[in-house]
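Inspection log for the structure reproduced underneath, given as structure tokens.
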Protein chains: 2
Amino acid sequence: MDSATLPLYHQLATRYRRAIDDGALTPGDRMPSVRQLMERHGVSLSTALQACRELEREGLLEARPRSGYFVRRRPQPARAAPIAEPEARLPDPAQYVGIHQRISAILARSHQHAVRVSLAGLSAASDLYPVAALNAATTRALRRHPQLYGRTPEAEGHPELRAALARHALLSQINLAPEDIVVTHGCTEALHLALRAVAGPGDVIAVESPTYYGLLQILEGLGMRALEIPCSPHSGISLEALELAAQTYDSIKAVVVVPTLQNPLGSIMPDANKAALVRWCETRGIVLIEDDCFSALADGETGPAAAKSWDQSGNVIYCASLHKFLAPGMRLGWIAAGRWTARVAMLKFSQSRPNEVLAQLAVADFMGSGAFARHLRRLRDQLRIQREWMAEAIAGGFPAGTRLSTPAGGMHLWVELPAGIDSETLFELALRQGIHVAPGVMFSNSNRFDHFLRVNCGAPRSALLEDALRQLAAVANGLAAARPEPAPNVTLT
Amino acid sequence: MDSATLPLYHQLATRYRRAIDDGALTPGDRMPSVRQLMERHGVSLSTALQACRELEREGLLEARPRSGYFVRRRPQPARAAPIAEPEARLPDPAQYVGIHQRISAILARSHQHAVRVSLAGLSAASDLYPVAALNAATTRALRRHPQLYGRTPEAEGHPELRAALARHALLSQINLAPEDIVVTHGCTEALHLALRAVAGPGDVIAVESPTYYGLLQILEGLGMRALEIPCSPHSGISLEALELAAQTYDSIKAVVVVPTLQNPLGSIMPDANKAALVRWCETRGIVLIEDDCFSALADGETGPAAAKSWDQSGNVIYCASLHKFLAPGMRLGWIAAGRWTARVAMLKFSQSRPNEVLAQLAVADFMGSGAFARHLRRLRDQLRIQREWMAEAIAGGFPAGTRLSTPAGGMHLWVELPAGIDSETLFELALRQGIHVAPGVMFSNSNRFDHFLRVNCGAPRSALLEDALRQLAAVANGLAAARPEPAPNVTLT
């Protein structure tokens, strides 16, 4: 997968991304017009447009009606450097995950303290969700179906929800029939089923590094081995590292990725990388499992395309949920398992039977109304404001040398503390003050991220939150000050 | 486990059970009074009382207020013999379950026809459930907690439901704290978690034979091996066969039983057997997994004690659900996993995260009201009427030689057709007439039950149902008539 084979629009986007990164184009600058791009670079209209749209999706450009594209105010706060690209390295050996004890201990610790401010989870404040409308839809559904609780639910999900989800998938450029979809208990169950469908105990699964701890827990529970592949804060999983890994391990069964707003990095894979990854998995006979929980929260009106949208052969298993963008309390997820659909449906039936119907009906009702798109727009805007404010607060208050991810969407930041500050110690000290954060050790089977933190930006700015961030910064600064001086170099004579 | 070690009250009950079976005591006869029993047999008041209660629980006696115990009208319909005890035999070898294809094919067949009358499932007609009260409780819960859908649910279940379930467990004589309980997606997920917690792929699990096909599907999905142990229509799993099996297989990891209203046999294990089984598992170092979905539907005011009630060491994992007796549409189950509680909670979290809260609150509300006990009483009475009517109809219409289970509770009958009638053929022919039954091959990894049927009695008597039973009988009679004559014995001279 070398760059010469990447499509033209991607090469063009890379060139302008670099110009923005280098400061040749600064926030507020007008991008060359599409016509200018065509002339300057000898490309077609469609290539020029695609390049601009890719940069827009990454949050680097914004389209102003009737004026063209402009460089966006950089979400990167002035005083914090972006998270560095991972070093080029051979992947760690595939290993059985032994993370549960660690995660359990961390979660258990948080239950032993009165948490005033939780920055550890990944959901927005409850009043950013359309709870009143969903409550009303629930009551309506009960009136429409008064015998609902007395009946065994439809296998694989209620037809109304499956139809609504198939419509929703079009936003990610995926074409699905309602019958391609199985409704699950959240994305967690969807991932669990996907992995059970295609792999067994001892099998090697390639995952992003860092990755969501829930995925590591699933792998541990199923006795599978995780092969951590370096992941870039800008472009997601490294295709080069993946290729290297496949040369070392000829038995990789599946790759699990979060192409849009990776958890915890926040990266969005460029379209060309997604297409290349889908093609590569297909050629190699490796299943691609896509976790797409966050794409509805990506900045901009049109979300990024899912990797699944490039799937020609049913080799991509698509998993998603409503928790992050619609209703954390409903626990609805779904899976479109391509050529494993029948097997996944069987495993779902034998593992937990069909989901209850009430929430499915309420959601189908809401998703069929204009209120759904309005809600998403409001939520995205609000999250962007919260994210940018928190990024500024962390950049301004945390020790010098702190680095930050600045995702173009979603509700979390990934924070790299200066070397020598252990984030588990920070977690402990913050917890004593009632502040709950997620230390980096949760996101890998290795210790590579022991000086990282994931911080939730789901809550609106408030005095309580400002105060908590100040306290967190004070703890981090205390730890920075307490670091031992590096030992002086001793020159042997 | 020989009978001399069984408690006195059990021996006394056995003596009177025999008297009733032999016709020495007939329906309507008054049982000797407790005082008479004490004098005749030289036993204590408590022993005499326990013996009567055991027979009452088995449906053989009924207590009439201020008059003592009477022999009940035998639910066994006059013209059908009871299902025979299984032959004493060595268990089949433990084997990987290969049942899913068969079950899927059977389920798929039923989707290809318009089913007018389903006798295949295991739930009561929807209006036998308290749907109006549960709907009202749901609306109340939404008013009390308007932000519910916007919040991530409590891990392990909502405290109000866990408290209600701990109270409910007292009816089965189990003492639990709310913290001992993890709320699950039905009993299926509970069993799935229990098995994952204590065993891995390739491990041997002893199960009843016949058994619920859902359990066989779980074992197949998890790659475990099922060891089928003969099960009596009167007393449940054979302890003798289990002991024999353990002498053959020293690696049995767990035994899964339905002590009360076994599915599909309908048997209720006598208390002494339950106690002996719990003790035996403890001594052998084998985990006992109890599936207790039906006990609230056992005839009589006080349900049978759960095997879990004899558990002293946490070796019994108790699984149950609300589907059968309260709300098939809510998909709520729970698990009390004894010494595996922490591991089960971890697996539940990594497999599907906590359940949504709305139904949990509605159920807790309803279970806390007097309406709950009234509902259970009404449902039990109605099911008894339906069961007895259907048993009469089947006994009266099916071919000579048909045998029937007559469970003292629940909503299903187990029907043994005369030799040579294949129930899968019956299933096919009935389906063409829009009638759906569950053929016996679904309930075992062997073909031992290929001339059995499980018939649901969840619906009230109706012209439609009468008609369906007549058609079913006609199909069975047609198959009986078409059986080839047995080849004449040829005497070689």
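Ligands are numbered from 1 in the order shown, residues from 1 within each chain, and chains are lettered A, B, ... in the order they appear in the structure tokens.
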Distance limit 7 Å, atoms considered: only C-alpha atoms. Which chain B residues sit that close to chain A? Return them as a PDB file with C-alpha atoms, in the first residue's frame.
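Writing done, so here's selection-v8.pdb:
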```
ATOM      1  CA  SER B 126     -50.591 -11.854  25.868  1.00  0.00           C
ATOM      2  CA  ASP B 127     -53.747 -10.883  27.737  1.00  0.00           C
ATOM      3  CA  TYR B 129     -50.060 -10.970  31.420  1.00  0.00           C
ATOM      4  CA  VAL B 131     -49.918  -5.551  30.419  1.00  0.00           C
ATOM      5  CA  ASN B 135     -47.843  -0.026  30.800  1.00  0.00           C
ATOM      6  CA  THR B 139     -45.421   5.704  32.092  1.00  0.00           C
ATOM      7  CA  LEU B 142     -40.772   7.914  32.771  1.00  0.00           C
ATOM      8  CA  GLN B 147     -33.805  11.941  31.985  1.00  0.00           C
ATOM      9  CA  LEU B 148     -33.632   8.140  31.985  1.00  0.00           C
ATOM     10  CA  TYR B 149     -32.879   7.706  28.277  1.00  0.00           C
ATOM     11  CA  GLY B 150     -30.088  10.258  28.532  1.00  0.00           C
ATOM     12  CA  ARG B 151     -28.122   8.355  31.156  1.00  0.00           C
ATOM     13  CA  THR B 152     -25.943   5.269  31.122  1.00  0.00           C
ATOM     14  CA  PRO B 153     -27.657   2.586  33.234  1.00  0.00           C
ATOM     15  CA  HIS B 185     -31.116 -10.102  29.041  1.00  0.00           C
ATOM     16  CA  GLY B 186     -33.372 -12.987  29.951  1.00  0.00           C
ATOM     17  CA  THR B 188     -30.734 -17.193  28.059  1.00  0.00           C
ATOM     18  CA  GLU B 189     -28.055 -14.596  28.738  1.00  0.00           C
ATOM     19  CA  HIS B 192     -24.758 -18.193  28.719  1.00  0.00           C
ATOM     20  CA  GLY B 214     -31.935 -23.168  23.797  1.00  0.00           C
ATOM     21  CA  GLN B 217     -27.729 -24.008  21.188  1.00  0.00           C
ATOM     22  CA  ILE B 218     -25.744 -22.185  23.866  1.00  0.00           C
ATOM     23  CA  GLY B 221     -22.190 -21.771  20.285  1.00  0.00           C
ATOM     24  CA  ALA B 327     -43.784 -10.142  30.736  1.00  0.00           C
ATOM     25  CA  PRO B 328     -42.445 -12.033  27.704  1.00  0.00           C
ATOM     26  CA  GLY B 329     -41.914  -8.684  25.981  1.00  0.00           C
ATOM     27  CA  MET B 330     -39.574  -7.204  28.582  1.00  0.00           C
ATOM     28  CA  ARG B 331     -36.662  -9.611  28.180  1.00  0.00           C
ATOM     29  CA  LEU B 347     -18.503 -11.144  31.621  1.00  0.00           C
ATOM     30  CA  SER B 350     -17.910  -7.159  28.517  1.00  0.00           C
ATOM     31  CA  GLN B 351     -20.632  -9.054  26.621  1.00  0.00           C
ATOM     32  CA  SER B 352     -23.548  -6.637  26.547  1.00  0.00           C
ATOM     33  CA  ARG B 353     -23.131  -3.890  29.172  1.00  0.00           C
ATOM     34  CA  ASN B 355     -29.663  -3.610  30.698  1.00  0.00           C
ATOM     35  CA  GLU B 356     -31.736  -0.537  29.921  1.00  0.00           C
TER      36      GLU B 356
END
```
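Straight-line separation from CA of Val71 in chain B to CA of Leu25 in chain B: 7.2 Å.
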Contacts of range 376-391 of chain A at 10 Å (only C-alpha atoms; same-chain gap of 2+ positions) as a ChimeraX atom specification: /A:74-80,124,128-130,296-301,325-326,371-374,393-397,404-415,455-461,465-466,469
Contacts of Gln95 in chain B within 12 Å, only C-alpha atoms, excl. fewer than 3 positions in-chain, as a PyMOL selection string: chain B and resi 91-92+98-99+201-207+216+219-220+223-228+249+444-446
Å distance separating CA of Thr341 in chain B from CA of Ile289 in chain B, one decimal place: 12.9 Å
For Thr283 in chain B, the nearest of the candidates B:Leu195, B:Ala337, B:Ala163, B:Ala246, counting only C-alpha atoms: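 With only C-alpha atoms as the atom set, the closest residue is B:Ala246.
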Backbone DSSP call of strand (DSSP E) for range 178-228 of chain B, listed as a count of residues only: 14
Computed interatomic separation between CA of Leu265 in chain A and CA of Pro233 in chain A (Å): 5.5 Å
All alpha helix (DSSP H) positions in range 51-152 of chain A, as an MDAnalysis selection string: chainID A and resid 51:57 100:111 131:144
